[in-house]
Amino acid sequence: MSDELTPRERAIAHEQHHVDESYTALDRQRLSYEKRLADVRAQSGLESPGARSERDSFATHYEDNLLRIRNVENRLVMGRLDFHDGSLEHIGRIGLRDEAQEIILLDWRAPQAEPFYQATAAHPGNVVRRRHIQTRLREVTGIEDELLRSDSASDSDLELTGEGALMSAMSQARDGKMTDIVATIQAEQDRVIRADSRGVLVVQGGPGTGKTAVALHRAAYLLYAQRERLSRSGVLVIGPSPVFLRYIDQVLPSLGETDVVATTIGGLMPGITATADESAAAKRVKSGLAWRDIAQRAVSQLLERPLAQPVSFQIDAEKVTLRPKDVEAAQRKARRTEQLHNEARDTYARALVDVLAGQVAAAKELELADNQWIISDVAASRDARREINLHWLPSSPVQLLERLLAHPERLAEVAPEFSEAERRAIYRPQGSGLTEADVAIIDEFAEYLGFFSTDFERNQREAAQARNSELSAYVAQTMDAMNLGEGIVDAQMLTERVSTTDSHATLAERATMDRTWTYGHVVVDEAQELSPMQWEMLIRRCPTRSFTVVGDLDQRPAGSPDGGWKEILGRLAEQSHEEELTISYRTPGTVLEAASRTLMNAGFPVRTVRPARDIPGSFTAQESTPDTLEESAAAAVATWARYLDGEYGQGGGTIAVIAPEGLHDSLKDRLSSASELSEWTFDTSGHDVGARIHVIDAYQAKGLEFDVVVVLEPHEILAEGPGSLYVAMTRPTRQLHVIHTAPLPPGMETAE
């Protein structure tokens with residue numbers, strides 16, 4: 001029977017055997033962890049608290065591994081390398097061994113897997129053939145081979161298709177979620193993914209070059225290559241918007257990694273949510289590094305004020321007097337502790353309570369040492385608390401910022417470098433809501449203010465620290481006695497795990513709840529958008545300054561800065577080195593050329609990006625009138641939706657309608673109620689990445705891709721910023737359709 005099979009069918013059958021073997025090993029690993037987890041959960045609840053915490057930590061460890069196994073279930077085996085000496089290696093999402101402990105699947109991140117991404121016909125090394133294996137669930141559906149050394153192997157059973165795997169991936173419909181590119185990583189992308197983690201790696205990449213995917217795969221690679229270091233600290237991924245985070249949220253789990261915190265820059269402060277918007281002028285004022293000095297002045301000048309003249313009041317029927325020199329001495333004593341403002345307040349307050357208690361004791365002719373109740377009476381006095389607090393005010397960072405923004409006279413006192421116009425630009429009443437630009441300033445204030453909480457919360461924190469100290473010795477002894485560790489867990493990791501309030505909290509959950517957490521590596525996407533204050537916020541969270549920074553300077557609304565990435569990175573620039581991605585895999589060549597031509601004519605030339613593919617007719621435009629613009633948009637979206645239905649089946653593929661800010665709200669209302677679009681799902685809020693049709697602006701579109709993009713009024717988007725138009729034009733994988741009422745920007749009209 002096998003003799004009747006074609007060479008391709010025999011090759012598929014051979015790979016199916018290996019895929020079956022790999023899944024058997026995966027299932028065996030899963031069953032092992034499930035048994036260990038069941039054994040741990042079956043243990044009695046009568047053990048000591050320390051042993052119970054240890055049990056919970058191991059349960060969490062097994063649960064984490066089971067989750068990792070489930071996440072790599074799909075497309076487990078991706079390819080194969082055949083070498084000149086006749087040996088071969090299969091490449092997959094994770095490494096697996098058979099029952100004899102022989103490697104049957106090599107993790108794509110392992111050094112031995114590099115030729116799968118780096119070997120070329122010009123430089124094949126020891127590789128004869130590279131095979132891409134396509135699977136659906138656990139079934140092999142196809143193979144594609146590249147013969148790299150024709151002098152070393154018979155090609156009678158090979159199908160040589162070059163970059164077929166990549167092109168196949170590019171032609172698939174978008175479903176609103178980014179997928180991993182581990183099976184189709186190209187050589188220049190692989191070079192970036194495996195680059196040294198020391199310092200700041202800047203990845204400059206134009207539209208469609210895969211810079212986001214490369215950054216995420218680099219995070220997965222570093223978590224594999226530096227597991228011991230990063231398993232304790234984790235990796236932080238910063239994205240430009242919440243919808244972007246939802247777009248990428250399956251990539252790292254599908255690569256078997258969960259020790260990652262993904263957030264926007266506005267989500268870095270625990271308990272802080274930026275919901276308000278503000279003017280561009282306000283954002284500019286809040287972006288500058290002057291706030292570092294302002295924060296220090298605000299704490300010392302507004303919260304630690306001197307007492308101008310003596311103040312008298314009664315405690316327990318005795319007259320007491322708080323004098324300027326008493327307050328000054330208490331403030332000096334508090335500052336000598338070198339604690340942060342809120343944390344040093346106890347020292348300051350105790351000093352003044354002692355002064356006032358001494359006066360009460362003297363008036364009553366009592367010895368203070370023998371009558372400690374006097375101290376309690378002073379601490380309970382409303383007058384005493386008020387006067388003491390007035391000269392060392394406790395404050396949260398949010399409270400302090402709101403006081404400054406709501407009272408221009410206070411802001412002028414601590415920020416003389418701002419003009420009156422700048423102070424007016426950032427004025428707002430208290431309780432107006434926080435903006436994303438506020439978050440970095442709040443973080444700066446927190447550096448001087450320190451912990452702010454109720455006494456109960458502070459006592460809970462101190463108790464937790466005491467428990468953690470006691471637990472450390474117990475854990476170390478237990479680990480030695482059980483001969484544990486060896487790359488799985490160690491004493492420090494176990495102590496950290498069981499000392500948390502919730503022993504089942506993952507590293508990512510703990511890091512998210514802790515403002516002072518420091519990460520082992522930080523990935524920043526769309527990094528060209530960050531302000532100097534926001535960079536300071538990130539530096540604080542990664543003292544080792546191990547960063548992967550990806551973006552495109554040409555996509556900044558204001559265009560590329562004269563100083564390039566060095567200007568944007570500020571004090572990170574000295575430790576930075578730059579790599580560039582030059583091939584666009586997503587955007588059709590026709591669309592790229594039109595976008596580049598339009599920006600050139602607008603006086604903002606962009607970097608050259610070479611398209612990997614083109615689709616004839618992928619850029620079209622139509623003229624409308626102001627009165628019929630929204631109807632024209634609805635009709636165009638309906639046409640393209642039916643086109644995608646024909647290409648991919650009902651509901652397949654995604655469409656984005658990108659409009660200028662002035663049209664955004666009315667367009668959302670019109671399109672979401674259009675009867676001709678009622679059969680398809682809609683998202684007008686930037687939350688449902690799985691919807692068929694998305695109505696967004698250029699900022700919301702950053703980092704995303706769609707099968708079809710309909711751009712309205714490009715001249716207005718250009719007025720918002722050249723980078724905004726460049727973003728809008730380069731989101732599609734198949735078709736860009738422009739609708740305009742005014743003449744098209746120069747360079748774009750040739751599309752008609």
# chains A, B, ... in the order shown; residues from 1 in each chain; ligands from 1

call {"tool": "closest_atom_pairs", "arguments": {"of": "range 711-746 of chain A", "to": "range 664-685 of chain A", "cutoff": "12 Å", "atoms": "only C-alpha atoms", "output": "JSON lines"}}
result
{"residue": "A:Val711", "atom": "CA", "partner": "A:His664", "partner_atom": "CA", "distance": 11.6}
{"residue": "A:Leu712", "atom": "CA", "partner": "A:His664", "partner_atom": "CA", "distance": 9.9}
{"residue": "A:Glu713", "atom": "CA", "partner": "A:His664", "partner_atom": "CA", "distance": 11.2}
{"residue": "A:Glu716", "atom": "CA", "partner": "A:His664", "partner_atom": "CA", "distance": 11.8}
{"residue": "A:Ile717", "atom": "CA", "partner": "A:His664", "partner_atom": "CA", "distance": 11.3}

call {"tool": "residues_around", "arguments": {"residues": "Gly450 in chain A", "least_positions_apart": "4", "cutoff": "7 Å", "atoms": "only C-alpha atoms", "output": "JSON, numbers by chain"}}
result
{"A": [340, 341, 342, 343, 446]}

call {"tool": "residues_around", "arguments": {"residues": "Leu401 in chain A", "least_positions_apart": "3", "cutoff": "8 Å", "atoms": "only C-alpha atoms", "output": "ChimeraX atom specification"}}
result
/A:397-398,404-405,441-442

call {"tool": "residues_around", "arguments": {"residues": "Val77 in chain A", "least_positions_apart": "6", "cutoff": "7 Å", "atoms": "only C-alpha atoms", "output": "ChimeraX atom specification"}}
result
/A:19,91-93

call {"tool": "write_last_selection", "arguments": {"atoms": "N, CA and C atoms", "output": "PDB file, in the first residue's frame"}}
result
ATOM      1  N   VAL A  19       4.937  13.343  14.870  1.00  0.00           N
ATOM      2  CA  VAL A  19       3.995  14.198  15.601  1.00  0.00           C
ATOM      3  C   VAL A  19       3.267  13.376  16.662  1.00  0.00           C
ATOM      4  N   ILE A  91      11.828  20.568  15.273  1.00  0.00           N
ATOM      5  CA  ILE A  91      11.721  21.822  16.014  1.00  0.00           C
ATOM      6  C   ILE A  91      10.275  22.009  16.469  1.00  0.00           C
ATOM      7  N   GLY A  92      10.097  22.410  17.748  1.00  0.00           N
ATOM      8  CA  GLY A  92       8.746  22.596  18.264  1.00  0.00           C
ATOM      9  C   GLY A  92       8.650  23.733  19.254  1.00  0.00           C
ATOM     10  N   ARG A  93       7.477  23.862  19.839  1.00  0.00           N
ATOM     11  CA  ARG A  93       7.223  24.958  20.772  1.00  0.00           C
ATOM     12  C   ARG A  93       7.959  24.784  22.091  1.00  0.00           C
TER      13      ARG A  93
END

call {"tool": "closest_residue", "arguments": {"among": "A:Ala594, A:Val320, A:Leu704, A:Val709", "to": "Ser241 in chain A", "atoms": "only C-alpha atoms"}}
result
A:Leu704

call {"tool": "closest_residue", "arguments": {"among": "A:Leu289, A:Val235, A:Leu553, A:Cys542", "to": "Glu526 in chain A", "atoms": "only C-alpha atoms"}}
result
A:Leu553

call {"tool": "select_by_dssp", "arguments": {"residues": "range 294-366 of chain A", "states": "alpha helix (DSSP H)", "output": "ChimeraX atom specification"}}
result
/A:294-297,324-336,341-363

call {"tool": "residues_around", "arguments": {"residues": "Arg424 in chain A", "least_positions_apart": "4", "cutoff": "9 Å", "atoms": "only C-alpha atoms", "output": "PyMOL selection string"}}
result
chain A and resi 282+408+419-420+428

call {"tool": "write_last_selection", "arguments": {"atoms": "C-alpha atoms", "output": "mmCIF file, in the first residue's frame"}}
result
data_model
loop_
_atom_site.group_PDB
_atom_site.id
_atom_site.type_symbol
_atom_site.label_atom_id
_atom_site.label_comp_id
_atom_site.auth_asym_id
_atom_site.auth_seq_id
_atom_site.Cartn_x
_atom_site.Cartn_y
_atom_site.Cartn_z
ATOM 1 C CA ALA A 282 -1.449 69.570 28.578
ATOM 2 C CA PRO A 408 -2.488 77.229 40.125
ATOM 3 C CA SER A 419 4.630 79.861 32.367
ATOM 4 C CA GLU A 420 1.146 81.044 33.259
ATOM 5 C CA ARG A 428 -8.442 71.007 36.243
#

call {"tool": "closest_residue", "arguments": {"among": "A:Ala290, A:Val182, A:Val285, A:Val360", "to": "Glu422 in chain A", "atoms": "only C-alpha atoms"}}
result
A:Val285

call {"tool": "closest_residue", "arguments": {"among": "A:Trp373, A:Phe452, A:Tyr348, A:Trp535", "to": "Pro394 in chain A", "atoms": "only C-alpha atoms"}}
result
A:Phe452

call {"tool": "closest_residue", "arguments": {"among": "A:Thr587, A:Gln101, A:Gln650, A:Gln331", "to": "Glu304 in chain A", "atoms": "only C-alpha atoms"}}
result
A:Gln331

call {"tool": "closest_residue", "arguments": {"among": "A:Val727, A:Ala361, A:Leu538, A:Ile583", "to": "Glu188 in chain A", "atoms": "only C-alpha atoms"}}
result
A:Ile583

call {"tool": "atom_distance", "arguments": {"atom1": "CA of Ala728 in chain A", "atom2": "CA of Val708 in chain A"}}
result
11.4 Å

call {"tool": "residues_around", "arguments": {"residues": "Val140 in chain A", "least_positions_apart": "2", "cutoff": "9 Å", "atoms": "only C-alpha atoms", "output": "list in words"}}
result
Ile12, Ala13, Glu15, Gln16, Val19, Ile133, Gln134, Thr135, Arg136, Leu137, Arg138, Gly142 and Ile143 of chain A

call {"tool": "residues_around", "arguments": {"residues": "Gly723 in chain A", "least_positions_apart": "4", "cutoff": "12 Å", "atoms": "only C-alpha atoms", "output": "CSV table (one decimal) with N, CA, C and O atoms, in the first residue's frame"}}
result
chain,number,residue,atom,x,y,z
A,206,GLY,N,9.7,49.4,10.0
A,206,GLY,CA,8.5,50.1,9.4
A,206,GLY,C,7.3,49.2,9.4
A,206,GLY,O,7.3,48.1,10.0
A,207,PRO,N,6.2,49.7,8.8
A,207,PRO,CA,4.9,49.0,8.9
A,207,PRO,C,5.1,47.5,8.3
A,207,PRO,O,5.7,47.3,7.3
A,528,GLN,N,8.2,54.9,20.3
A,528,GLN,CA,8.4,56.3,19.8
A,528,GLN,C,7.4,57.3,20.4
A,528,GLN,O,7.6,58.5,20.4
A,529,GLU,N,6.3,56.7,21.1
A,529,GLU,CA,5.3,57.6,21.6
A,529,GLU,C,5.6,58.0,23.1
A,529,GLU,O,4.9,58.9,23.6
A,552,ASP,N,8.6,52.6,15.3
A,552,ASP,CA,8.9,53.2,14.0
A,552,ASP,C,8.8,54.7,14.2
A,552,ASP,O,7.8,55.3,14.4
A,553,LEU,N,10.0,55.4,14.1
A,553,LEU,CA,10.0,56.8,14.2
A,553,LEU,C,9.1,57.5,13.2
A,553,LEU,O,8.6,58.6,13.5
A,554,ASP,N,8.9,56.9,12.1
A,554,ASP,CA,8.1,57.6,11.0
A,554,ASP,C,6.6,57.5,11.4
A,554,ASP,O,5.8,58.2,10.8
A,555,GLN,N,6.2,56.7,12.4
A,555,GLN,CA,4.8,56.7,12.8
A,555,GLN,C,4.5,57.6,14.0
A,555,GLN,O,3.4,57.6,14.5
A,556,ARG,N,5.4,58.4,14.4
A,556,ARG,CA,5.1,59.4,15.4
A,556,ARG,C,4.2,60.5,14.8
A,556,ARG,O,4.4,60.9,13.6
A,557,PRO,N,3.2,61.0,15.5
A,557,PRO,CA,2.3,62.0,14.9
A,557,PRO,C,3.1,63.2,14.4
A,557,PRO,O,2.7,63.7,13.3
A,558,ALA,N,4.1,63.6,15.1
A,558,ALA,CA,4.8,64.8,14.7
A,558,ALA,C,6.0,64.5,13.7
A,558,ALA,O,6.7,65.4,13.3
A,559,GLY,N,6.1,63.2,13.3
A,559,GLY,CA,7.2,62.9,12.4
A,559,GLY,C,8.5,62.5,13.2
A,559,GLY,O,8.5,62.6,14.4
A,560,SER,N,9.5,62.0,12.5
A,560,SER,CA,10.7,61.6,13.2
A,560,SER,C,11.5,62.7,13.7
A,560,SER,O,11.7,63.7,13.1
A,561,PRO,N,12.0,62.6,15.0
A,561,PRO,CA,12.8,63.7,15.6
A,561,PRO,C,14.1,63.8,15.0
A,561,PRO,O,14.7,62.8,14.5
A,595,ALA,N,1.9,55.1,0.5
A,595,ALA,CA,2.1,55.7,1.8
A,595,ALA,C,3.4,56.5,1.8
A,595,ALA,O,3.4,57.6,2.3
A,596,SER,N,4.4,55.8,1.3
A,596,SER,CA,5.7,56.5,1.2
A,596,SER,C,5.7,57.7,0.4
A,596,SER,O,6.2,58.8,0.7
A,598,THR,N,3.1,59.6,-0.4
A,598,THR,CA,2.3,60.6,0.2
A,598,THR,C,3.1,61.4,1.3
A,598,THR,O,3.0,62.6,1.4
A,599,LEU,N,3.8,60.6,2.1
A,599,LEU,CA,4.5,61.3,3.2
A,599,LEU,C,5.7,62.1,2.6
A,599,LEU,O,6.0,63.2,3.1
A,600,MET,N,6.3,61.6,1.5
A,600,MET,CA,7.4,62.4,0.9
A,600,MET,C,6.9,63.7,0.4
A,600,MET,O,7.5,64.7,0.6
A,602,ALA,N,4.4,65.3,1.5
A,602,ALA,CA,4.0,66.2,2.7
A,602,ALA,C,5.2,66.7,3.4
A,602,ALA,O,5.1,67.5,4.3
A,603,GLY,N,6.4,66.4,2.9
A,603,GLY,CA,7.7,66.9,3.5
A,603,GLY,C,8.2,66.0,4.7
A,603,GLY,O,9.0,66.5,5.5
A,604,PHE,N,7.7,64.8,4.8
A,604,PHE,CA,8.1,63.9,5.8
A,604,PHE,C,8.5,62.6,5.2
A,604,PHE,O,7.8,61.6,5.3
A,605,PRO,N,9.7,62.5,4.6
A,605,PRO,CA,10.1,61.2,4.0
A,605,PRO,C,10.3,60.2,5.0
A,605,PRO,O,10.8,60.4,6.1
A,606,VAL,N,9.9,58.9,4.7
A,606,VAL,CA,10.0,57.8,5.6
A,606,VAL,C,11.1,56.9,5.2
A,606,VAL,O,11.5,56.9,4.0
A,698,ALA,N,-6.5,56.9,14.2
A,698,ALA,CA,-5.2,56.4,13.9
A,698,ALA,C,-4.4,56.0,15.2
A,698,ALA,O,-3.6,55.0,15.1
A,699,TYR,N,-4.7,56.6,16.3
A,699,TYR,CA,-3.9,56.3,17.5
A,699,TYR,C,-4.3,54.9,18.0
A,699,TYR,O,-3.5,54.0,18.3
A,701,ALA,N,-5.3,52.5,16.1
A,701,ALA,CA,-4.9,51.5,15.1
A,701,ALA,C,-3.4,51.1,15.3
A,701,ALA,O,-3.0,50.2,14.7
A,702,LYS,N,-2.6,51.8,16.1
A,702,LYS,CA,-1.2,51.6,16.2
A,702,LYS,C,-1.0,50.1,16.6
A,702,LYS,O,-1.5,49.6,17.6
A,714,PRO,N,-8.4,61.5,4.3
A,714,PRO,CA,-6.9,61.5,4.6
A,714,PRO,C,-6.3,62.8,4.9
A,714,PRO,O,-5.3,62.9,5.6
A,717,ILE,N,-6.6,63.6,8.5
A,717,ILE,CA,-5.7,62.7,9.3
A,717,ILE,C,-4.3,63.2,9.2
A,717,ILE,O,-3.5,63.3,10.2
A,718,LEU,N,-3.9,63.7,8.0
A,718,LEU,CA,-2.6,64.3,7.8
A,718,LEU,C,-2.4,65.5,8.7
A,718,LEU,O,-1.3,65.8,9.2
A,719,ALA,N,-3.5,66.3,8.8
A,719,ALA,CA,-3.4,67.5,9.6
A,719,ALA,C,-3.2,67.2,11.1
A,719,ALA,O,-2.6,67.9,11.9
A,727,VAL,N,0.3,55.7,9.7
A,727,VAL,CA,-0.2,54.5,10.4
A,727,VAL,C,-1.5,54.1,9.8
A,727,VAL,O,-1.7,52.9,9.5
A,728,ALA,N,-2.4,55.0,9.5
A,728,ALA,CA,-3.7,54.6,8.9
A,728,ALA,C,-3.6,53.9,7.6
A,728,ALA,O,-4.3,52.9,7.3
A,729,MET,N,-2.7,54.4,6.8
A,729,MET,CA,-2.5,53.8,5.4
A,729,MET,C,-1.9,52.4,5.4
A,729,MET,O,-2.1,51.7,4.4
A,730,THR,N,-1.1,52.1,6.4
A,730,THR,CA,-0.3,50.9,6.4
A,730,THR,C,-0.8,49.7,7.3
A,730,THR,O,-0.1,48.8,7.6

call {"tool": "atom_distance", "arguments": {"atom1": "CA of Phe619 in chain A", "atom2": "CA of Glu705 in chain A"}}
result
15.7 Å

call {"tool": "atom_distance", "arguments": {"atom1": "CA of Gly589 in chain A", "atom2": "CA of Ser618 in chain A"}}
result
8.7 Å

call {"tool": "select_by_dssp", "arguments": {"residues": "range 250-296 of chain A", "states": "strand (DSSP E or B)", "output": "mmCIF file with C-alpha atoms, in the first residue's frame"}}
result
data_model
loop_
_atom_site.group_PDB
_atom_site.id
_atom_site.type_symbol
_atom_site.label_atom_id
_atom_site.label_comp_id
_atom_site.auth_asym_id
_atom_site.auth_seq_id
_atom_site.Cartn_x
_atom_site.Cartn_y
_atom_site.Cartn_z
ATOM 1 C CA VAL A 260 4.991 38.245 31.862
ATOM 2 C CA VAL A 261 3.097 41.387 32.837
ATOM 3 C CA ALA A 262 1.504 43.139 29.853
ATOM 4 C CA THR A 263 0.061 46.618 30.365
ATOM 5 C CA THR A 264 -0.082 50.105 28.962
#
